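my_file-v1.txt, holding compact mmCIF, C-alpha atoms:
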# COMPACT_ATOMS: atom_id res chain seq x y z
CA MET A 11 -88.79 -182.99 83.35
CA GLU A 12 -85.41 -184.59 83.67
CA LYS A 13 -82.77 -182.67 85.63
CA SER A 14 -79.67 -181.39 83.92
CA SER A 15 -76.27 -182.84 84.73
CA ARG A 16 -75.32 -179.68 86.74
CA GLU A 17 -78.49 -179.95 88.84
CA LYS A 18 -77.77 -183.59 89.55
CA GLN A 19 -74.21 -182.71 90.56
CA ASN A 20 -75.37 -180.02 92.99
CA ALA A 21 -78.23 -182.06 94.45
CA ARG A 22 -77.91 -182.79 98.19
CA PRO A 23 -78.95 -186.10 99.72
CA PRO A 24 -81.59 -186.10 102.47
CA GLY A 25 -80.17 -184.92 105.77
CA HIS A 26 -77.00 -183.49 104.20
CA ALA A 27 -75.82 -180.19 105.68
CA SER A 28 -73.92 -177.62 103.68
CA PHE A 29 -70.89 -176.08 105.38
CA LEU A 30 -72.43 -172.67 104.66
CA HIS A 31 -75.39 -173.55 106.84
CA PHE A 32 -73.61 -175.49 109.55
CA GLY A 33 -73.14 -172.41 111.70
CA GLY A 34 -76.64 -171.14 110.92
CA GLY A 35 -78.24 -174.21 112.40
CA ARG A 36 -80.53 -175.21 109.49
CA ARG A 37 -80.38 -178.72 108.06
CA TYR A 38 -81.85 -180.11 104.86
CA THR A 39 -84.69 -182.65 104.90
CA GLU A 40 -86.39 -184.86 102.42
CA LYS A 41 -88.42 -183.23 99.70
CA GLY A 42 -91.89 -182.17 100.77
CA LYS A 43 -91.13 -181.99 104.50
CA GLU A 44 -90.71 -178.89 106.64
CA PRO A 45 -87.19 -177.79 107.55
CA ALA A 46 -85.96 -179.30 110.78
CA ALA A 47 -85.57 -177.27 113.94
CA PRO A 48 -82.43 -175.14 114.31
CA VAL A 49 -79.36 -177.06 115.42
CA ARG A 50 -77.90 -175.96 118.78
CA ARG A 51 -79.85 -172.69 118.65
CA GLU A 52 -81.15 -173.16 122.17
CA GLY A 53 -77.62 -173.80 123.43
CA ARG A 54 -76.28 -170.67 121.78
CA GLU A 55 -79.14 -168.56 123.07
CA LYS A 56 -78.52 -169.86 126.59
CA LEU A 57 -74.84 -168.97 126.33
CA LEU A 58 -75.71 -165.48 125.13
CA MET A 59 -78.17 -165.01 127.96
CA ASP A 60 -75.63 -166.26 130.52
CA ALA A 61 -73.05 -163.87 129.09
CA GLN A 62 -75.35 -160.95 129.92
CA LYS A 63 -75.89 -162.02 133.53
CA PRO A 64 -73.90 -160.51 136.40
CA ILE A 65 -71.00 -162.54 137.78
CA ALA A 66 -72.03 -164.50 140.87
CA PRO A 67 -69.89 -163.72 143.94
CA PHE A 68 -67.53 -166.66 144.44
CA GLY A 69 -69.16 -168.42 141.50
CA VAL A 70 -67.27 -170.35 138.84
CA ILE A 71 -66.10 -167.29 136.89
CA HIS A 72 -65.15 -165.32 139.99
CA LEU A 73 -63.19 -168.24 141.46
CA ALA A 74 -61.51 -168.82 138.10
CA TYR A 75 -60.19 -165.26 138.11
CA ILE A 76 -58.94 -165.65 141.69
CA ALA A 77 -57.20 -168.95 140.94
CA PHE A 78 -55.65 -167.59 137.74
CA PHE A 79 -54.08 -164.52 139.36
CA LEU A 80 -52.97 -166.46 142.42
CA ALA A 81 -51.18 -168.97 140.19
CA ALA A 82 -49.75 -166.18 138.00
CA THR A 83 -48.37 -164.39 141.07
CA ILE A 84 -46.66 -167.53 142.36
CA LEU A 85 -45.22 -168.45 138.96
CA TYR A 86 -43.93 -164.93 138.35
CA ALA A 87 -42.26 -164.92 141.78
CA LEU A 88 -40.49 -168.19 140.95
CA ALA A 89 -39.43 -166.98 137.50
CA TYR A 90 -38.33 -163.54 138.73
CA GLY A 91 -35.72 -165.03 141.03
CA ARG A 92 -33.94 -166.59 138.04
CA LEU A 93 -33.69 -163.42 135.96
CA ASP A 94 -30.69 -161.12 135.80
CA ALA A 95 -30.98 -157.40 136.54
CA ARG A 96 -31.56 -156.33 132.92
CA ARG A 97 -34.31 -158.87 132.31
CA ARG A 98 -35.92 -157.98 135.61
CA ARG A 99 -36.18 -154.34 134.57
CA THR A 100 -37.57 -155.34 131.17
CA ALA A 101 -40.18 -157.65 132.70
CA GLY A 102 -41.09 -155.05 135.32
CA CYS A 103 -41.59 -152.29 132.76
CA ALA A 104 -43.70 -154.57 130.54
CA LEU A 105 -45.87 -155.64 133.47
CA GLY A 106 -46.19 -152.06 134.71
CA ALA A 107 -47.29 -150.96 131.24
CA LEU A 108 -49.95 -153.69 131.20
CA VAL A 109 -51.23 -152.55 134.59
CA LEU A 110 -51.48 -148.98 133.33
CA LEU A 111 -53.18 -150.06 130.10
CA CYS A 112 -55.81 -152.16 131.90
CA GLY A 113 -56.42 -149.38 134.40
CA LEU A 114 -56.89 -146.81 131.64
CA CYS A 115 -59.26 -149.18 129.88
CA GLU A 116 -61.36 -149.65 133.01
CA TYR A 117 -61.57 -145.94 133.80
CA GLY A 118 -61.98 -144.97 130.15
CA LEU A 119 -64.95 -147.27 129.63
CA ALA A 120 -66.54 -146.01 132.83
CA ALA A 121 -66.19 -142.44 131.54
CA LEU A 122 -67.69 -143.36 128.16
CA ARG A 123 -70.65 -144.88 129.98
CA GLY A 124 -71.41 -141.64 131.78
CA GLN A 125 -69.36 -141.80 134.96
CA HIS A 126 -67.99 -138.28 135.28
CA GLY A 127 -67.20 -135.88 138.07
CA PRO A 128 -65.17 -136.55 141.23
CA ASP A 129 -66.17 -140.23 141.32
CA ALA A 130 -64.28 -140.83 138.07
CA LEU A 131 -60.91 -139.79 139.54
CA PRO A 132 -58.37 -142.59 140.16
CA LEU A 133 -58.19 -141.87 143.89
CA HIS A 134 -59.18 -145.26 145.18
CA LEU A 135 -56.29 -147.21 146.59
CA CYS A 136 -56.34 -149.61 143.66
CA GLY A 137 -56.62 -146.74 141.19
CA MET A 138 -53.48 -145.24 142.71
CA MET A 139 -51.71 -148.58 142.34
CA PHE A 140 -52.46 -148.51 138.60
CA LEU A 141 -50.29 -145.38 138.44
CA LEU A 142 -47.70 -146.11 141.13
CA THR A 143 -46.85 -149.60 139.84
CA PRO A 144 -45.52 -148.46 136.42
CA LEU A 145 -43.75 -145.57 138.15
CA HIS A 146 -42.02 -148.07 140.44
CA ALA A 147 -40.96 -150.06 137.38
CA LEU A 148 -39.55 -146.99 135.62
CA THR A 149 -37.41 -146.00 138.63
CA ASP A 150 -35.84 -149.46 138.88
CA GLY A 151 -32.09 -149.39 138.35
CA ALA A 152 -31.71 -145.76 139.42
CA ARG A 153 -28.38 -144.58 140.77
CA PRO A 154 -28.11 -145.41 144.49
CA GLY A 155 -28.68 -142.37 146.68
CA SER A 156 -30.52 -140.43 143.97
CA PHE A 157 -34.06 -139.13 144.29
CA ALA A 158 -35.27 -141.77 141.82
CA ALA A 159 -33.72 -144.54 143.94
CA ARG A 160 -35.36 -143.21 147.12
CA LEU A 161 -38.67 -142.89 145.27
CA HIS A 162 -38.29 -146.46 144.04
CA GLY A 163 -37.85 -147.67 147.61
CA PHE A 164 -40.86 -145.70 148.86
CA LEU A 165 -43.08 -146.95 146.02
CA GLY A 166 -41.95 -150.52 146.62
CA ALA A 167 -43.06 -150.25 150.25
CA VAL A 168 -46.44 -148.85 149.16
CA VAL A 169 -46.96 -151.57 146.54
CA PHE A 170 -46.09 -154.20 149.17
CA HIS A 171 -48.55 -152.63 151.61
CA PRO A 172 -51.26 -151.49 151.17
CA GLY A 173 -51.07 -152.24 147.42
CA VAL A 174 -51.03 -156.05 147.28
CA PRO A 175 -53.49 -156.62 150.17
CA GLY A 176 -55.72 -153.89 148.72
CA VAL A 177 -55.99 -155.40 145.25
CA TRP A 178 -56.67 -158.82 146.73
CA ALA A 179 -59.46 -157.37 148.85
CA ALA A 180 -60.88 -155.94 145.62
CA LEU A 181 -60.49 -159.26 143.80
CA LEU A 182 -62.27 -161.13 146.58
CA PHE A 183 -65.06 -158.56 146.98
CA PRO A 184 -65.23 -156.65 143.66
CA ASP A 185 -67.86 -153.95 143.22
CA TRP A 186 -68.14 -154.51 139.44
CA LEU A 187 -69.75 -157.97 139.55
CA GLU A 188 -73.00 -156.54 138.22
CA LEU A 189 -71.29 -156.26 134.84
CA PRO A 190 -71.46 -159.31 132.52
CA PHE A 191 -68.32 -161.44 132.52
CA ARG A 192 -67.72 -160.73 128.81
CA ASP A 193 -67.94 -156.97 129.35
CA LEU A 194 -64.60 -155.29 128.59
CA GLN A 195 -64.82 -153.06 131.65
CA SER A 196 -65.27 -156.12 133.87
CA VAL A 197 -62.37 -157.97 132.23
CA SER A 198 -60.05 -154.96 132.43
CA GLY A 199 -61.05 -154.45 136.08
CA PHE A 200 -60.04 -157.99 137.00
CA PHE A 201 -56.80 -157.81 135.03
CA ALA A 202 -55.78 -154.37 136.31
CA HIS A 203 -56.10 -155.56 139.92
CA GLY A 204 -54.68 -159.02 139.28
CA LEU A 205 -51.60 -157.73 137.47
CA VAL A 206 -50.75 -155.48 140.42
CA SER A 207 -50.63 -158.67 142.51
CA VAL A 208 -48.38 -160.32 139.92
CA TYR A 209 -46.11 -157.27 139.94
CA GLY A 210 -46.03 -157.40 143.73
CA ALA A 211 -44.28 -160.76 143.47
CA ALA A 212 -41.23 -158.93 142.14
CA VAL A 213 -41.31 -156.58 145.13
CA LEU A 214 -41.44 -159.57 147.45
CA ALA A 215 -38.47 -161.14 145.66
CA GLU A 216 -36.44 -157.95 146.05
CA ILE A 217 -37.31 -157.86 149.75
CA ALA A 218 -36.24 -161.46 150.20
CA GLU A 219 -32.87 -160.79 148.51
CA ALA A 220 -32.07 -157.61 150.44
CA GLU A 221 -28.70 -157.66 152.19
CA ASP A 222 -29.97 -155.88 155.32
CA GLY A 223 -33.51 -157.18 155.74
CA ARG A 224 -34.07 -155.64 159.17
CA ALA A 225 -33.20 -152.13 158.02
CA LEU A 226 -35.39 -152.55 154.93
CA PHE A 227 -38.22 -153.83 157.12
CA ARG A 228 -38.10 -150.71 159.31
CA ARG A 229 -37.87 -148.39 156.30
CA ASP A 230 -40.80 -150.00 154.51
CA LEU A 231 -42.92 -150.00 157.66
CA ARG A 232 -42.30 -146.25 158.08
CA SER A 233 -43.10 -145.60 154.41
CA SER A 234 -46.31 -147.61 154.54
CA ALA A 235 -47.40 -145.92 157.79
CA LEU A 236 -46.66 -142.50 156.27
CA PHE A 237 -48.68 -143.25 153.14
CA MET A 238 -51.66 -144.60 155.07
CA GLY A 239 -51.44 -142.07 157.87
CA LEU A 240 -51.54 -139.12 155.46
CA GLY A 241 -53.83 -140.67 152.86
CA ALA A 242 -56.68 -141.80 155.13
CA PRO A 243 -57.53 -138.40 156.69
CA VAL A 244 -57.10 -136.63 153.34
CA MET A 245 -59.50 -139.06 151.66
CA TYR A 246 -61.93 -138.72 154.57
CA LEU A 247 -62.04 -134.94 154.17
CA PHE A 248 -62.24 -135.19 150.38
CA ASP A 249 -65.11 -137.66 150.59
CA ARG A 250 -67.08 -135.39 152.90
CA ALA A 251 -66.49 -132.37 150.67
CA ALA A 252 -67.09 -134.04 147.29
CA GLY A 253 -69.66 -136.67 148.27
CA THR A 254 -67.41 -139.53 147.11
CA ASN A 255 -66.30 -142.76 148.78
CA PHE A 256 -62.59 -143.03 148.04
CA TRP A 257 -60.73 -145.48 150.27
CA PHE A 258 -64.25 -146.38 151.51
CA MET A 259 -64.01 -143.74 154.21
CA ALA A 260 -67.67 -142.76 153.72
CA GLY A 261 -69.19 -146.25 153.85
CA PRO A 262 -68.90 -149.83 152.56
CA SER A 263 -68.85 -150.62 148.86
CA VAL A 264 -71.29 -152.88 147.05
CA GLY A 265 -70.75 -156.46 148.22
CA SER A 266 -68.42 -155.43 151.03
CA PRO A 267 -68.21 -157.73 154.07
CA PHE A 268 -68.52 -154.58 156.20
CA ALA A 269 -72.07 -153.94 155.03
CA GLY A 270 -73.38 -155.83 158.05
CA ALA A 271 -71.40 -153.66 160.46
CA TYR A 272 -72.79 -150.56 158.75
CA ALA A 273 -76.36 -151.88 158.97
CA ARG A 274 -76.07 -152.73 162.68
CA GLY A 275 -73.83 -149.99 164.01
CA GLY A 276 -74.24 -147.18 161.50
CA TYR A 277 -71.28 -145.25 160.17
CA GLY A 278 -69.48 -145.30 163.52
CA GLY A 279 -69.70 -149.08 163.79
CA TYR A 280 -68.59 -149.49 160.19
CA LEU A 281 -65.61 -147.16 160.53
CA LEU A 282 -64.48 -148.86 163.74
CA ALA A 283 -64.71 -152.32 162.17
CA PHE A 284 -63.00 -151.11 159.00
CA LEU A 285 -60.05 -149.48 160.79
CA LEU A 286 -59.58 -152.39 163.21
CA THR A 287 -59.56 -154.85 160.30
CA ALA A 288 -57.07 -152.69 158.38
CA ALA A 289 -54.80 -152.50 161.45
CA ALA A 290 -55.02 -156.27 162.01
CA GLY A 291 -54.31 -156.92 158.34
CA THR A 292 -51.26 -154.65 158.46
CA ALA A 293 -49.94 -156.42 161.56
CA LEU A 294 -50.49 -159.84 159.98
CA TRP A 295 -48.94 -158.85 156.63
CA TYR A 296 -45.81 -157.35 158.16
CA GLY A 297 -45.67 -160.11 160.76
CA LEU A 298 -45.51 -162.72 158.01
CA ARG A 299 -42.84 -160.71 156.26
CA TYR A 300 -40.78 -160.54 159.45
CA LEU A 301 -41.04 -164.28 160.05
CA PHE A 302 -40.43 -165.55 156.52
CA LEU A 303 -38.36 -162.83 154.87
CA VAL A 304 -36.30 -160.99 157.48
CA ARG A 305 -35.34 -164.10 159.44
CA GLY A 306 -35.12 -166.32 156.37
CA ARG A 307 -32.07 -167.04 154.28
CA ARG A 308 -31.40 -164.21 151.86
CA ARG A 309 -29.67 -164.45 148.52
CA GLY A 310 -28.15 -161.57 146.67
CA PRO A 311 -29.65 -160.58 143.31
CA ARG A 312 -28.00 -161.92 140.21
CA ALA A 313 -25.80 -159.60 138.21

This entry written out as structure tokens:
Amino acid sequence: MEKSSREKQNARPPGHASFLHFGGGRRYTEKGKEPAAPVRREGREKLLMDAQKPIAPFGVIHLAYIAFFLAATILYALAYGRLDARRRRTAGCALGALVLLCGLCEYGLAALRGQHGPDALPLHLCGMMFLLTPLHALTDGARPGSFAARLHGFLGAVVFHPGVPGVWAALLFPDWLELPFRDLQSVSGFFAHGLVSVYGAAVLAEIAEAEDGRALFRRDLRSSALFMGLGAPVMYLFDRAAGTNFWFMAGPSVGSPFAGAYARGGYGGYLLAFLLTAAAGTALWYGLRYLFLVRGRRRGPRA
């Protein structure tokens, strides 16, 4: 029976693929033959399987996150120095809001997935930074001598240390790598920590532009020592009472480089190694600041 003109018009030549089926992976064949194998189905299935795998420590995805936030921190520091006071406050508030949003997303998803109780509190050092960073941004521009201005100075010292070194320790040795890289909790965890580092670039710029760098150095060192000196014993007692591990005072986290010290020397060996490393890191961090910021050439902030 001869085909109608409409059927001839809609007929497809052998091997022709309709755009409706291009994504589905089926292709047409000559009459009487079986449909060909799916196009790129194996590749898509492999990508889906890889997306469900945990992130490899210092693998491609992990190193990509590290490189991205390192570059973003440097670029923001360079751009921040060219902004006037009003634009600095605007950029700081926007960045602080993003830090808070990513932190809420990370903790909110953990709660939806069944993490409740004392462990769900934002009492880790990084969790505190998710709250203190936007508060530091909101107190920017406060009247000199006011409580808000003094709070801004104290929070800036805490964000500088232990905030920035703390988030970078978490980025280098994250305890959420068992989550797939496309998981929203994993993505928000990386961005919440990385954006604190980016925000810290503004704190570094303010330090570099301070008129009296030596006085600011002494004030920030006292503020950081006060925060750490009061926070560490409080977290130690809270961990023992609640069975938590805030500030890692009860033991190393998953993937921590201190796991070996805990395995060989028990809790005492771990705590000694942890505290000595924290003290050495503090000395190095403030030593670099003294060499490159206090003794360096300082410029006043733009009006």

Have a look at A:Ser207, A:Asn255, A:Ser198, A:Thr292 and name the one nearest to Trp178 of chain A; count only C-alpha atoms.
A:Ser207

Could you list, with a cut-off of 12 Å and counting only C-alpha atoms, the residues of segment 188-216 of chain A near segment 92-105 of chain A, each shown with its nearest atom pair and the distance in Å rounded to one decimal, rows sorted by chain and ascending number, as CSV?
residue,atom,partner,partner_atom,distance
A:Phe201,CA,A:Leu105,CA,11.3
A:Ala202,CA,A:Leu105,CA,10.4
A:Gly204,CA,A:Leu105,CA,11.1
A:Leu205,CA,A:Leu105,CA,7.3
A:Val206,CA,A:Leu105,CA,8.5
A:Ser207,CA,A:Leu105,CA,10.7
A:Val208,CA,A:Leu105,CA,8.4
A:Tyr209,CA,A:Leu105,CA,6.7
A:Gly210,CA,A:Gly102,CA,10.0
A:Ala211,CA,A:Gly102,CA,10.5
A:Ala212,CA,A:Gly102,CA,7.8
A:Val213,CA,A:Gly102,CA,9.9
A:Ala215,CA,A:Arg92,CA,10.4
A:Glu216,CA,A:Arg98,CA,10.5

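Atom CA of Tyr300 of chain A sits 8.8 Å away from atom CA of Gly223 of chain A.
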
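Comparing the minimum interatomic distances between Gly163 of chain A and each of A:Phe200, A:Phe79, A:Phe227, A:Tyr280, counting only C-alpha atoms, we find that A:Phe227 sits nearest.
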
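Among the candidates A:Ala152, A:Ala180, A:Ile65, A:Leu282, the one nearest to Ser263 of chain A when counting only C-alpha atoms is A:Ala180.
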
Any idea what's packed within 9 Å of Phe170 of chain A, counting only C-alpha atoms, ignoring anything in its chain fewer than 2 positions away? Could you give it as a ChimeraX atom specification?
/A:165-168,172-175,210-211,213-214,230,234

Kindly list the centre and edge lengths in Å, rounded to one decimal, for the axis-aligned box that covers all listed atoms of segment 207-222 of chain A plus 6 Å on each of its six sides, as JSON.
{"center_x": -39.7, "center_y": -158.7, "center_z": 147.6, "size_x": 33.9, "size_y": 17.6, "size_z": 27.4}

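Across the model, the gap from atom CA of Phe256 of chain A to atom CA of His203 of chain A is 16.3 Å.
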
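Atom CA of Tyr296 of chain A lies 11.9 Å from atom CA of Leu226 of chain A.
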
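Among A:Val109, A:Leu194, A:Leu187, A:Leu294, the residue with the shortest atom-to-atom distance to Gly137 of chain A, counting all atoms listed in the file, is A:Val109.
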
Contacts of Leu189 of chain A at 8 Å or less, counting only C-alpha atoms, minus same-chain residues fewer than 3 places along, as a PDB file with C-alpha atoms, in the coordinates of the input?
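Wrote around.pdb, looks like this:
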ATOM      1  CA  GLN A  62     -75.350-160.950 129.920  1.00  0.00           C
ATOM      2  CA  LYS A  63     -75.890-162.020 133.530  1.00  0.00           C
ATOM      3  CA  PRO A  64     -73.900-160.510 136.400  1.00  0.00           C
ATOM      4  CA  ILE A  65     -71.000-162.540 137.780  1.00  0.00           C
ATOM      5  CA  TRP A 186     -68.140-154.510 139.440  1.00  0.00           C
ATOM      6  CA  ASP A 193     -67.940-156.970 129.350  1.00  0.00           C
ATOM      7  CA  GLN A 195     -64.820-153.060 131.650  1.00  0.00           C
ATOM      8  CA  SER A 196     -65.270-156.120 133.870  1.00  0.00           C
TER       9      SER A 196
END

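Distances from A:Ala179, A:Leu85, A:Leu73, A:Val197 to Cys115 of chain A were compared using all atoms listed in the file, and the smallest one belongs to A:Val197.
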
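The smallest atom-to-atom distance between Gly113 of chain A and any of A:Gly239, A:Gly199, A:Val177, A:Ala81, using only C-alpha atoms, is found for A:Gly199.
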